[in-house]
$ cat coords34.csv   # CSV, C-alpha atoms and all ligand atoms
chain,number,residue,atom,x,y,z
X,1,MET,CA,0.0,0.0,0.0
X,2,ASN,CA,1.5,3.4,-0.9
X,3,ASP,CA,1.0,6.8,0.8
X,4,ARG,CA,-1.3,8.1,-1.9
X,5,THR,CA,-3.7,5.1,-1.4
X,6,ILE,CA,-3.7,5.6,2.3
X,7,THR,CA,-4.6,9.3,1.9
X,8,MET,CA,-7.4,8.6,-0.5
X,9,ASP,CA,-8.8,5.8,1.6
X,10,ALA,CA,-8.8,8.0,4.7
X,11,THR,CA,-10.6,10.9,3.0
X,12,GLN,CA,-13.1,9.5,0.6
X,13,LYS,CA,-14.9,6.3,-0.4
X,14,LEU,CA,-14.2,5.5,-4.0
X,15,HIS,CA,-17.0,4.5,-6.3
X,16,PHE,CA,-16.9,1.2,-8.0
X,17,TYR,CA,-16.5,2.8,-11.4
X,18,GLN,CA,-13.5,4.8,-10.3
X,19,LYS,CA,-11.4,1.8,-9.4
X,20,GLY,CA,-10.2,0.8,-12.8
X,21,THR,CA,-10.6,-2.7,-14.2
X,22,PHE,CA,-10.2,-5.8,-12.1
X,23,THR,CA,-7.4,-7.1,-14.3
X,24,VAL,CA,-5.4,-3.9,-14.2
X,25,GLY,CA,-5.4,-4.2,-10.4
X,26,ASN,CA,-7.7,-1.7,-8.8
X,27,ARG,CA,-4.7,0.4,-8.3
X,28,LEU,CA,-6.7,3.2,-6.6
X,29,VAL,CA,-7.8,1.1,-3.7
X,30,SER,CA,-5.8,-0.4,-0.8
X,31,GLU,CA,-4.6,-4.0,-1.1
X,32,GLU,CA,-7.2,-5.4,1.2
X,33,GLN,CA,-9.9,-3.8,-0.9
X,34,ARG,CA,-8.7,-5.2,-4.2
X,35,ALA,CA,-10.6,-7.8,-6.0
X,36,VAL,CA,-9.4,-11.4,-6.3
X,37,GLN,CA,-9.2,-10.9,-10.1
X,38,ALA,CA,-6.7,-8.1,-9.5
X,39,SER,CA,-4.2,-10.5,-8.1
X,40,ALA,CA,-1.4,-11.8,-10.3
X,41,ASP,CA,-1.7,-15.3,-8.7
X,42,ARG,CA,-5.5,-15.5,-9.1
X,43,SER,CA,-6.6,-19.1,-9.9
X,44,ASN,CA,-8.5,-18.4,-13.1
X,45,ALA,CA,-10.9,-21.2,-12.0
X,46,LEU,CA,-12.6,-21.1,-15.4
X,47,THR,CA,-10.0,-20.7,-18.1
X,48,CYS,CA,-10.5,-19.3,-21.6
X,49,GLY,CA,-11.4,-21.7,-24.3
X,50,HIS,CA,-14.8,-22.7,-22.9
X,51,ARG,CA,-17.7,-22.6,-25.3
X,52,ALA,CA,-20.1,-20.1,-23.6
X,53,CYS,CA,-21.8,-17.6,-25.9
X,54,GLN,CA,-20.2,-14.1,-26.2
X,55,GLY,CA,-21.3,-12.0,-23.2
X,56,CYS,CA,-22.6,-14.9,-21.2
X,57,GLY,CA,-23.3,-13.7,-17.6
X,58,GLU,CA,-23.2,-17.2,-16.2
X,59,ALA,CA,-19.6,-17.7,-17.4
X,60,LEU,CA,-18.6,-14.4,-15.8
X,61,GLY,CA,-20.4,-15.0,-12.6
X,62,ALA,CA,-18.9,-18.5,-12.2
X,63,ARG,CA,-15.4,-17.4,-12.9
X,64,PHE,CA,-15.5,-14.7,-10.2
X,65,ALA,CA,-17.4,-16.9,-7.7
X,66,ILE,CA,-15.1,-19.9,-8.0
X,67,ASP,CA,-11.9,-17.8,-8.0
X,68,ALA,CA,-13.0,-16.1,-4.8
X,69,ALA,CA,-13.9,-19.5,-3.3
X,70,MET,CA,-10.6,-21.0,-4.3
X,71,ARG,CA,-8.7,-18.1,-2.7
X,72,ALA,CA,-10.8,-18.3,0.5
X,73,THR,CA,-10.0,-22.0,0.8
X,74,ASP,CA,-6.4,-21.9,-0.2
X,75,ASN,CA,-7.4,-23.9,-3.3
X,76,ASN,CA,-8.9,-26.7,-1.2
X,77,LEU,CA,-12.2,-26.7,-3.1
X,78,ILE,CA,-14.3,-29.3,-4.9
X,79,ALA,CA,-17.2,-28.1,-7.1
X,80,VAL,CA,-20.2,-30.1,-8.0
X,81,ASN,CA,-22.2,-28.9,-11.1
X,82,ALA,CA,-25.7,-29.7,-12.1
X,83,THR,CA,-26.5,-30.2,-15.7
X,84,GLY,CA,-27.0,-27.0,-17.6
X,85,CYS,CA,-25.2,-24.4,-19.7
X,86,LEU,CA,-22.3,-24.0,-17.2
X,87,GLU,CA,-21.7,-27.7,-17.2
X,88,VAL,CA,-22.0,-28.2,-21.0
X,89,PHE,CA,-19.9,-25.2,-22.1
X,90,THR,CA,-17.1,-25.9,-19.7
X,91,THR,CA,-16.6,-29.6,-20.2
X,92,PRO,CA,-17.1,-30.9,-23.7
X,93,TYR,CA,-15.6,-34.4,-23.3
X,94,PRO,CA,-12.7,-35.0,-22.9
X,95,GLU,CA,-11.8,-31.3,-22.2
X,96,THR,CA,-12.4,-29.2,-19.2
X,97,SER,CA,-12.0,-25.5,-18.4
X,98,TRP,CA,-12.0,-25.9,-14.7
X,99,GLN,CA,-8.9,-25.5,-12.6
X,100,THR,CA,-10.3,-27.1,-9.5
X,101,PRO,CA,-11.6,-30.7,-8.9
X,102,TRP,CA,-15.1,-30.7,-10.4
X,103,LEU,CA,-17.9,-33.2,-10.6
X,104,HIS,CA,-20.9,-33.3,-13.0
X,105,SER,CA,-23.9,-34.5,-11.0
X,106,LEU,CA,-27.3,-35.2,-12.5
X,107,PHE,CA,-29.6,-32.3,-13.4
X,108,GLY,CA,-31.5,-32.4,-10.1
X,109,ASN,CA,-29.1,-33.7,-7.5
X,110,ALA,CA,-26.1,-31.3,-7.3
X,111,ALA,CA,-27.0,-30.4,-3.7
X,112,ALA,CA,-27.2,-34.1,-2.6
X,113,VAL,CA,-24.0,-35.0,-4.4
X,114,ALA,CA,-22.2,-32.0,-2.8
X,115,THR,CA,-23.5,-33.1,0.6
X,116,GLY,CA,-21.9,-36.5,-0.1
X,117,VAL,CA,-18.6,-35.0,-1.1
X,118,ALA,CA,-18.5,-32.9,2.1
X,119,ALA,CA,-19.3,-36.0,4.2
X,120,ALA,CA,-16.6,-38.0,2.4
X,121,MET,CA,-14.0,-35.2,3.1
X,122,ARG,CA,-15.0,-35.2,6.8
X,123,VAL,CA,-14.7,-39.0,7.0
X,124,LYS,CA,-11.3,-38.9,5.3
X,125,GLY,CA,-10.0,-36.5,7.9
X,126,ARG,CA,-9.8,-33.6,5.3
X,127,PRO,CA,-12.0,-30.9,6.9
X,128,GLU,CA,-10.0,-28.2,5.1
X,129,VAL,CA,-11.4,-29.3,1.8
X,130,ARG,CA,-14.6,-27.3,1.2
X,131,THR,CA,-17.5,-28.1,-1.2
X,132,ILE,CA,-19.5,-26.0,-3.5
X,133,ALA,CA,-22.6,-27.0,-5.6
X,134,GLN,CA,-23.7,-24.9,-8.5
X,135,GLY,CA,-26.4,-24.9,-11.1
X,136,GLY,CA,-28.8,-22.9,-13.2
X,137,ASP,CA,-32.2,-21.7,-12.1
X,138,GLY,CA,-33.9,-24.7,-13.6
X,139,GLY,CA,-31.6,-27.1,-11.8
X,140,THR,CA,-32.0,-25.2,-8.6
X,141,THR,CA,-35.6,-23.8,-8.3
X,142,ASP,CA,-37.3,-26.6,-10.1
X,143,ILE,CA,-35.9,-30.1,-10.5
X,144,GLY,CA,-33.2,-29.8,-7.8
X,145,PHE,CA,-35.4,-28.0,-5.3
X,146,GLY,CA,-36.1,-31.0,-3.1
X,147,CYS,CA,-32.4,-31.9,-2.7
X,148,LEU,CA,-31.6,-28.3,-2.1
X,149,SER,CA,-34.2,-28.0,0.7
X,150,GLY,CA,-32.8,-31.2,2.2
X,151,MET,CA,-29.3,-29.8,2.2
X,152,PHE,CA,-30.6,-26.6,3.9
X,153,GLU,CA,-32.7,-28.5,6.5
X,154,ARG,CA,-29.8,-30.8,7.5
X,155,ASN,CA,-27.4,-27.7,7.5
X,156,ASP,CA,-24.9,-29.6,5.4
X,157,ASP,CA,-21.5,-27.9,5.0
X,158,VAL,CA,-22.0,-26.8,1.4
X,159,LEU,CA,-22.2,-23.4,-0.4
X,160,TYR,CA,-24.9,-23.8,-3.1
X,161,ILE,CA,-24.6,-21.2,-6.0
X,162,CYS,CA,-27.5,-20.6,-8.3
X,163,TYR,CA,-26.7,-18.8,-11.6
X,164,ASP,CA,-30.1,-17.3,-12.4
X,165,ASN,CA,-30.5,-16.6,-16.1
X,166,GLU,CA,-34.3,-16.9,-15.7
X,167,ALA,CA,-35.0,-19.9,-17.9
X,168,TYR,CA,-33.7,-23.3,-19.0
X,169,MET,CA,-31.2,-21.9,-21.5
X,170,ASN,CA,-29.2,-25.0,-22.3
X,171,THR,CA,-32.2,-26.8,-23.9
X,172,GLY,CA,-33.6,-23.9,-25.8
X,173,VAL,CA,-35.0,-21.3,-23.4
X,174,GLN,CA,-37.9,-23.0,-21.7
X,175,ARG,CA,-39.7,-21.3,-18.7
X,176,SER,CA,-38.5,-22.1,-15.2
X,177,SER,CA,-40.0,-21.0,-11.8
X,178,ALA,CA,-37.5,-18.1,-11.9
X,179,THR,CA,-38.7,-16.8,-15.2
X,180,PRO,CA,-40.1,-13.3,-14.7
X,181,PRO,CA,-43.7,-12.3,-15.5
X,182,ALA,CA,-44.4,-11.4,-19.2
X,183,ALA,CA,-41.1,-12.8,-20.5
X,184,ARG,CA,-41.3,-14.7,-23.7
X,185,THR,CA,-39.7,-18.1,-23.7
X,186,ALA,CA,-40.1,-21.2,-25.9
X,187,THR,CA,-42.9,-22.4,-23.6
X,188,THR,CA,-44.4,-19.0,-22.8
X,189,PRO,CA,-44.8,-17.5,-26.3
X,190,ALA,CA,-45.7,-13.9,-27.0
X,191,MET,CA,-49.1,-14.8,-28.3
X,192,GLY,CA,-52.7,-14.6,-27.2
X,193,ARG,CA,-54.5,-12.3,-24.8
X,194,ALA,CA,-51.7,-12.5,-22.1
X,195,PRO,CA,-48.5,-13.0,-24.0
X,196,GLY,CA,-45.4,-14.3,-22.2
X,197,ASN,CA,-45.0,-15.8,-18.8
X,198,VAL,CA,-48.0,-15.6,-16.5
X,199,PHE,CA,-48.1,-13.0,-13.7
X,200,GLY,CA,-48.4,-14.2,-10.2
X,201,THR,CA,-46.4,-17.5,-10.7
X,202,GLY,CA,-42.8,-18.5,-9.8
X,203,LYS,CA,-41.0,-18.5,-6.5
X,204,SER,CA,-38.2,-16.7,-4.8
X,205,VAL,CA,-35.6,-19.3,-3.7
X,206,PRO,CA,-33.5,-16.7,-1.8
X,207,LYS,CA,-36.6,-16.0,0.4
X,208,ILE,CA,-37.2,-19.8,0.8
X,209,ALA,CA,-33.6,-20.3,1.7
X,210,VAL,CA,-33.9,-17.5,4.4
X,211,ALA,CA,-37.0,-19.3,5.7
X,212,HIS,CA,-34.9,-22.4,6.3
X,213,GLY,CA,-32.9,-20.4,8.8
X,214,ILE,CA,-29.5,-21.5,7.4
X,215,PRO,CA,-26.3,-19.6,8.4
X,216,TYR,CA,-26.0,-17.4,5.3
X,217,VAL,CA,-28.1,-16.4,2.2
X,218,ALA,CA,-27.2,-13.7,-0.3
X,219,THR,CA,-28.2,-12.4,-3.7
X,220,ALA,CA,-25.5,-11.0,-6.0
X,221,THR,CA,-25.1,-9.7,-9.6
X,222,VAL,CA,-22.4,-9.7,-12.3
X,223,ALA,CA,-22.9,-5.9,-12.3
X,224,ASP,CA,-21.1,-5.7,-9.0
X,225,LEU,CA,-18.3,-8.3,-9.1
X,226,HIS,CA,-16.6,-6.8,-6.1
X,227,ASP,CA,-19.7,-7.4,-4.0
X,228,LEU,CA,-20.1,-10.9,-5.5
X,229,GLU,CA,-16.5,-11.8,-4.5
X,230,ARG,CA,-17.1,-10.4,-1.0
X,231,LYS,CA,-20.2,-12.5,-0.5
X,232,VAL,CA,-18.5,-15.7,-1.7
X,233,THR,CA,-15.5,-15.0,0.6
X,234,LYS,CA,-17.9,-14.4,3.5
X,235,ALA,CA,-19.8,-17.6,2.7
X,236,MET,CA,-16.6,-19.7,2.6
X,237,GLY,CA,-15.7,-18.3,6.1
X,238,ILE,CA,-18.9,-19.9,7.5
X,239,HIS,CA,-19.7,-23.6,8.1
X,240,GLY,CA,-23.1,-25.2,7.4
X,241,ALA,CA,-25.5,-24.6,4.6
X,242,ARG,CA,-25.1,-21.4,2.6
X,243,TYR,CA,-26.9,-20.1,-0.5
X,244,LEU,CA,-25.9,-17.5,-3.1
X,245,HIS,CA,-28.2,-16.5,-5.9
X,246,ILE,CA,-26.5,-14.7,-8.7
X,247,HIS,CA,-28.3,-12.8,-11.4
X,248,VAL,CA,-26.7,-13.6,-14.8
X,249,PRO,CA,-28.0,-12.2,-18.0
X,250,CYS,CA,-28.1,-14.6,-21.0
X,251,PRO,CA,-27.8,-12.8,-24.4
X,252,LEU,CA,-29.1,-15.8,-26.3
X,253,GLY,CA,-32.2,-16.4,-24.1
X,254,TRP,CA,-33.0,-12.8,-23.4
X,255,GLY,CA,-32.5,-11.6,-26.9
X,256,SER,CA,-30.1,-8.9,-25.8
X,257,ALA,CA,-26.8,-7.6,-27.2
X,258,SER,CA,-23.7,-9.5,-25.8
X,259,HIS,CA,-22.2,-6.1,-24.9
X,260,ASP,CA,-25.2,-5.3,-22.7
X,261,THR,CA,-24.8,-8.1,-20.1
X,262,ILE,CA,-23.4,-5.9,-17.4
X,263,ARG,CA,-25.7,-3.0,-18.2
X,264,LEU,CA,-28.8,-5.1,-18.0
X,265,ALA,CA,-27.6,-6.7,-14.7
X,266,ARG,CA,-27.1,-3.2,-13.3
X,267,LEU,CA,-30.5,-2.0,-14.5
X,268,ALA,CA,-32.2,-5.1,-12.9
X,269,VAL,CA,-30.7,-3.9,-9.6
X,270,GLU,CA,-31.4,-0.2,-10.1
X,271,SER,CA,-35.0,-0.7,-11.2
X,272,GLY,CA,-35.7,-2.8,-8.0
X,273,LEU,CA,-36.4,-6.0,-10.0
X,274,PHE,CA,-33.4,-7.8,-8.5
X,275,PRO,CA,-32.9,-6.8,-4.9
X,276,LEU,CA,-29.4,-7.4,-3.4
X,277,PHE,CA,-29.5,-8.5,0.2
X,278,GLU,CA,-27.9,-10.7,2.8
X,279,ALA,CA,-29.4,-12.8,5.5
X,280,GLU,CA,-28.0,-14.8,8.4
X,281,HIS,CA,-29.9,-17.5,10.4
X,282,GLY,CA,-33.2,-16.5,9.0
X,283,VAL,CA,-32.8,-12.7,9.5
X,284,ILE,CA,-32.2,-10.2,6.7
X,285,THR,CA,-29.0,-8.4,7.8
X,286,GLY,CA,-28.6,-5.8,5.0
X,287,SER,CA,-29.6,-4.7,1.5
X,288,GLN,CA,-27.7,-2.7,-1.1
X,289,LYS,CA,-29.2,0.7,-1.5
X,290,ILE,CA,-30.1,2.1,-4.9
X,291,ARG,CA,-28.9,5.7,-5.6
X,292,ARG,CA,-31.7,6.5,-8.0
X,293,GLN,CA,-34.5,4.1,-9.1
X,294,VAL,CA,-34.7,3.7,-12.9
X,295,PRO,CA,-38.0,2.9,-14.6
X,296,VAL,CA,-38.5,-0.8,-15.5
X,297,GLU,CA,-38.8,0.1,-19.2
X,298,ASP,CA,-35.1,0.9,-19.2
X,299,TYR,CA,-34.4,-2.7,-18.2
X,300,LEU,CA,-37.1,-4.4,-20.3
X,301,LYS,CA,-36.7,-2.5,-23.6
X,302,PRO,CA,-33.2,-3.8,-24.7
X,303,GLN,CA,-34.4,-7.4,-24.4
X,304,ARG,CA,-36.4,-9.1,-27.2
X,305,ARG,CA,-38.1,-11.4,-24.7
X,306,PHE,CA,-40.1,-8.4,-23.6
X,307,ALA,CA,-40.5,-6.7,-27.1
X,308,HIS,CA,-44.3,-7.6,-27.1
X,309,LEU,CA,-44.8,-5.3,-24.1
X,310,PHE,CA,-43.9,-2.3,-26.2
X,311,ALA,CA,-46.0,-3.3,-29.2
X,312,SER,CA,-49.6,-2.6,-27.9
X,313,GLU,CA,-51.6,-0.5,-25.4
X,314,GLU,CA,-52.3,-3.8,-23.5
X,315,GLY,CA,-48.6,-4.4,-23.2
X,316,LYS,CA,-48.1,-0.9,-21.7
X,317,LYS,CA,-50.6,-1.9,-19.0
X,318,ARG,CA,-48.5,-5.0,-18.2
X,319,ILE,CA,-45.4,-2.9,-17.9
X,320,LYS,CA,-47.2,-1.1,-15.1
X,321,LEU,CA,-47.6,-4.5,-13.4
X,322,VAL,CA,-43.9,-5.1,-13.7
X,323,GLN,CA,-43.2,-1.7,-12.3
X,324,ALA,CA,-45.5,-2.5,-9.3
X,325,ILE,CA,-43.3,-5.6,-8.6
X,326,ALA,CA,-40.2,-3.4,-8.7
X,327,ASP,CA,-41.8,-0.8,-6.3
X,328,HIS,CA,-42.8,-3.6,-4.0
X,329,ASN,CA,-39.2,-4.9,-3.8
X,330,ILE,CA,-38.0,-1.4,-3.1
X,331,ALA,CA,-40.3,-1.1,-0.2
X,332,GLU,CA,-39.8,-4.6,1.1
X,333,TYR,CA,-36.0,-4.5,1.1
X,334,ARG,CA,-35.8,-0.8,1.9
X,335,LEU,CA,-33.7,-0.3,-1.2
X,336,LEU,CA,-34.0,3.5,-1.4
X,337,ASP,CA,-32.4,5.6,1.3
X,338,GLN,CA,-35.1,6.6,3.7
X,339,GLU,CA,-35.1,8.6,6.9
X,340,GLY,CA,-33.9,6.4,9.7
X,341,ASP,CA,-32.0,4.0,7.5
X,342,ALA,CA,-28.3,3.4,8.2
I,401,LIG,C1,-33.6,-35.3,-15.6
I,401,LIG,C2,-33.3,-34.5,-16.7
I,401,LIG,N1,-34.2,-33.8,-17.4
I,401,LIG,C3,-33.9,-33.0,-18.4
I,401,LIG,C4,-32.6,-32.8,-18.8
I,401,LIG,C5,-32.3,-31.9,-19.9
I,401,LIG,N2,-31.7,-30.7,-19.6
I,401,LIG,C6,-30.3,-30.5,-19.6
I,401,LIG,S1,-29.8,-29.0,-19.2
I,401,LIG,C7,-31.4,-28.5,-19.0
I,401,LIG,C8,-31.8,-27.1,-18.8
I,401,LIG,C9,-30.9,-26.4,-17.7
I,401,LIG,O1,-31.5,-25.2,-17.3
I,401,LIG,P1,-30.9,-24.4,-16.1
I,401,LIG,O2,-30.8,-25.3,-14.9
I,401,LIG,O3,-31.8,-23.2,-15.9
I,401,LIG,O4,-29.5,-24.0,-16.5
I,401,LIG,P2,-29.0,-23.1,-17.7
I,401,LIG,O5,-28.7,-24.0,-18.9
I,401,LIG,O6,-30.0,-22.1,-18.0
I,401,LIG,O7,-27.7,-22.5,-17.2
I,401,LIG,C10,-32.3,-29.5,-19.3
I,401,LIG,C11,-33.8,-29.4,-19.2
I,401,LIG,C12,-31.6,-33.5,-18.1
I,401,LIG,N3,-30.3,-33.4,-18.4
I,401,LIG,N4,-32.0,-34.4,-17.0
I,402,LIG,S1,-27.3,-19.8,-23.7
I,402,LIG,FE1,-27.1,-18.1,-22.2
I,402,LIG,S2,-26.3,-19.1,-20.3
I,402,LIG,FE2,-26.0,-20.5,-22.0
I,402,LIG,S3,-23.9,-20.1,-22.7
I,402,LIG,FE3,-25.2,-18.9,-24.0
I,402,LIG,S4,-25.3,-16.9,-22.9
I,402,LIG,FE4,-24.5,-18.4,-21.4
$ encode --input "coords34.csv" --output "structure tokens" --more "lines below"
Ligand SMILES: Cc1ncc(C[n+]2csc(CCOP(=O)(O)OP(=O)(O)O)c2C)c(N)n1
Ligand code: SF4
Amino acid sequence: MNDRTITMDATQKLHFYQKGTFTVGNRLVSEEQRAVQASADRSNALTCGHRACQGCGEALGARFAIDAAMRATDNNLIAVNATGCLEVFTTPYPETSWQTPWLHSLFGNAAAVATGVAAAMRVKGRPEVRTIAQGGDGGTTDIGFGCLSGMFERNDDVLYICYDNEAYMNTGVQRSSATPPAARTATTPAMGRAPGNVFGTGKSVPKIAVAHGIPYVATATVADLHDLERKVTKAMGIHGARYLHIHVPCPLGWGSASHDTIRLARLAVESGLFPLFEAEHGVITGSQKIRRQVPVEDYLKPQRRFAHLFASEEGKKRIKLVQAIADHNIAEYRLLDQEGDA
């Protein structure tokens, strides 16, 4: 740490966008504030050469999450992966992009397999080896949900990471229980009187995880990778069941430009549609405030899965319903600075 850095840290808090790129090294912040990605000896858990689409939010989120977990465990990490895009694009047989021991489970049992791995490490007298399970929103909120709830309920020593791209992308963009209302998918076409996904359906697995009372639950986004790394590091410092739900735009499934991945992830947060919060032992301990709420149209418009909303008067009424969901989140998680908030 040099004198200039100390002075800056002592006098002002730097905004995320002032810190320079992660790879350059966040030179404006002190060493302890620098991202894992800024380090020359970062693990690069997910190496280049994998086959994700250009601009894939899931690939970005996974690289940062697993790098942070590897650093937090001194590389004593085993990852279990449900079937889905992340599994398919990283491990076309006989190749792999992973720089850590990695197992492909079935589509629906990653949480159970990871529980078994953690138990095996304990029996072998290797408690320093930690376990992560990861999967898409389909593998997590739908088919893997029973195994996940069991892992939570038994408080198994696993961090489960859900990469939420809001549909079953790997098999051609089918609806999951994390698909947002009005979104067009292959199974919720933009046709008929109420085009796209049905309002009032779906579930919030982060909330359900909180209801299990497990030691740690958090939501994160690829729009704030520093925060994502912090949450993974915190989770790996805790034993027992932990859950991290990361919002990861998918250019192919959302019909968005590959260069818009980070912008869309940020707009999801700033509109209130994807609240960032942390919870410990069943209690919400904090949420990330929004400086200025943006209208949901700003988030919806660049995505072709919502194009039908902008094509008719009826669609405009449905945008108001989406706005109401965002406003509800803002109030529920106290996302805007209000009098009396810290
Ligand atoms: C039991 C079972 N049913 C269906 C499939 C086919 N399948 C493979 S990947 C996938 C979709 C994965 O979606 P998601 O979990 O959301 O991950 P994403 O690909 O979006 O990252 C499906 C349906 C399977 N492999 N196993
Ligand atoms: S379909 Fe979506 S999640 Fe899958 S690799 Fe492409 S961008 Fe990533």
$ atom_distance --input "coords34.csv" --atom1 "atom C11 of ligand LIG 401 (chain I)" --atom2 "CA of Leu148 (chain X)"
17.3 Å
$ residues_near_ligand --input "coords34.csv" --ligand "ligand LIG 401 (chain I)" --cutoff "7 Å" --atoms "all atoms listed in the file" --output "count of residues only"
22
$ closest_atom_pairs --input "coords34.csv" --of "chain X" --to "ligand LIG 402 (chain I)" --cutoff "8 Å" --atoms "all atoms listed in the file" --output "JSON lines"
{"residue": "X:Arg51", "atom": "CA", "partner": "I:LIG402", "partner_atom": "S3", "distance": 7.2}
{"residue": "X:Ala52", "atom": "CA", "partner": "I:LIG402", "partner_atom": "S3", "distance": 3.9}
{"residue": "X:Cys53", "atom": "CA", "partner": "I:LIG402", "partner_atom": "FE3", "distance": 4.1}
{"residue": "X:Gln54", "atom": "CA", "partner": "I:LIG402", "partner_atom": "S4", "distance": 6.7}
{"residue": "X:Gly55", "atom": "CA", "partner": "I:LIG402", "partner_atom": "S4", "distance": 6.3}
{"residue": "X:Cys56", "atom": "CA", "partner": "I:LIG402", "partner_atom": "S4", "distance": 3.8}
{"residue": "X:Gly57", "atom": "CA", "partner": "I:LIG402", "partner_atom": "FE4", "distance": 6.2}
{"residue": "X:Glu58", "atom": "CA", "partner": "I:LIG402", "partner_atom": "S2", "distance": 5.5}
{"residue": "X:Ala59", "atom": "CA", "partner": "I:LIG402", "partner_atom": "FE4", "distance": 6.4}
{"residue": "X:Gly84", "atom": "CA", "partner": "I:LIG402", "partner_atom": "FE2", "distance": 7.9}
{"residue": "X:Cys85", "atom": "CA", "partner": "I:LIG402", "partner_atom": "FE2", "distance": 4.6}
{"residue": "X:Leu86", "atom": "CA", "partner": "I:LIG402", "partner_atom": "S3", "distance": 6.9}
{"residue": "X:Phe89", "atom": "CA", "partner": "I:LIG402", "partner_atom": "S3", "distance": 6.5}
{"residue": "X:Asn165", "atom": "CA", "partner": "I:LIG402", "partner_atom": "S2", "distance": 6.4}
{"residue": "X:Met169", "atom": "CA", "partner": "I:LIG402", "partner_atom": "S1", "distance": 4.9}
{"residue": "X:Asn170", "atom": "CA", "partner": "I:LIG402", "partner_atom": "FE2", "distance": 5.5}
{"residue": "X:Gly172", "atom": "CA", "partner": "I:LIG402", "partner_atom": "S1", "distance": 7.8}
{"residue": "X:Val173", "atom": "CA", "partner": "I:LIG402", "partner_atom": "S1", "distance": 7.9}
{"residue": "X:Val248", "atom": "CA", "partner": "I:LIG402", "partner_atom": "S2", "distance": 7.8}
{"residue": "X:Pro249", "atom": "CA", "partner": "I:LIG402", "partner_atom": "FE1", "distance": 7.3}
{"residue": "X:Cys250", "atom": "CA", "partner": "I:LIG402", "partner_atom": "FE1", "distance": 3.8}
{"residue": "X:Pro251", "atom": "CA", "partner": "I:LIG402", "partner_atom": "S4", "distance": 5.0}
{"residue": "X:Leu252", "atom": "CA", "partner": "I:LIG402", "partner_atom": "S1", "distance": 5.1}
{"residue": "X:Gly253", "atom": "CA", "partner": "I:LIG402", "partner_atom": "FE1", "distance": 5.7}
$ atom_distance --input "coords34.csv" --atom1 "CA of Ala38 (chain X)" --atom2 "CA of Met70 (chain X)"
14.4 Å
$ residues_around --input "coords34.csv" --residues "region 125-127 of chain X" --least-positions-apart "3" --cutoff "12 Å" --atoms "all atoms listed in the file" --output "list in words"
Thr73, Asn76, Leu77, Ile78, Val117, Ala118, Ala119, Ala120, Met121, Arg122, Arg130, Thr131, Asp157 and His239 of chain X
$ residues_around --input "coords34.csv" --residues "region 325-335 of chain X" --least-positions-apart "5" --cutoff "12 Å" --atoms "all atoms listed in the file" --output "PyMOL selection string"
chain X and resi 180-181+199-200+204+207+267-279+284-297+299+318-320+340-342
$ atom_distance --input "coords34.csv" --atom1 "CA of Glu32 (chain X)" --atom2 "CA of Asn75 (chain X)"
19.0 Å
$ closest_residue --input "coords34.csv" --among "X:Val36, X:Leu60, X:Ala178, X:Ile143" --to "Ala265 (chain X)" --atoms "only C-alpha atoms"
X:Leu60
$ closest_residue --input "coords34.csv" --among "X:Arg42, X:Gly255, X:Asp67, X:Val113" --to "Met236 (chain X)" --atoms "all atoms listed in the file"
X:Asp67
$ residues_near_point --input "coords34.csv" --point "(-30.7, -36.5, -1.3)" --cutoff "8 Å" --atoms "only C-alpha atoms" --output "compact mmCIF listing (two decimals) with C-alpha atoms, in the frame of the given file"
# COMPACT_ATOMS: atom_id res chain seq x y z
CA ASN X 109 -29.10 -33.70 -7.50
CA ALA X 111 -27.00 -30.40 -3.70
CA ALA X 112 -27.20 -34.10 -2.60
CA VAL X 113 -24.00 -35.00 -4.40
CA GLY X 146 -36.10 -31.00 -3.10
CA CYS X 147 -32.40 -31.90 -2.70
CA GLY X 150 -32.80 -31.20 2.20
CA MET X 151 -29.30 -29.80 2.20
$ closest_residue --input "coords34.csv" --among "X:Leu300, X:Leu46, X:Val123, X:Ala311" --to "Ala183 (chain X)" --atoms "all atoms listed in the file"
X:Leu300
$ residues_around --input "coords34.csv" --residues "Ser149 (chain X)" --least-positions-apart "3" --cutoff "12 Å" --atoms "only C-alpha atoms" --output "count of residues only"
31
$ residues_near_point --input "coords34.csv" --point "(-22.4, -31.5, -8.4)" --cutoff "7 Å" --atoms "only C-alpha atoms" --output "JSON, numbers by chain"
{"X": [79, 80, 81, 82, 103, 104, 105, 110, 111, 113, 114, 133, 134]}
$ closest_residue --input "coords34.csv" --among "X:Arg175, X:His281, X:His226, X:His50" --to "Gln37 (chain X)" --atoms "all atoms listed in the file"
X:His226
$ closest_residue --input "coords34.csv" --among "X:Glu313, X:Leu321, X:Arg71, X:Phe306" --to "Ala35 (chain X)" --atoms "all atoms listed in the file"
X:Arg71
$ closest_residue --input "coords34.csv" --among "X:Leu264, X:Asp227, X:Val222, X:Ala190" --to "Phe310 (chain X)" --atoms "all atoms listed in the file"
X:Ala190
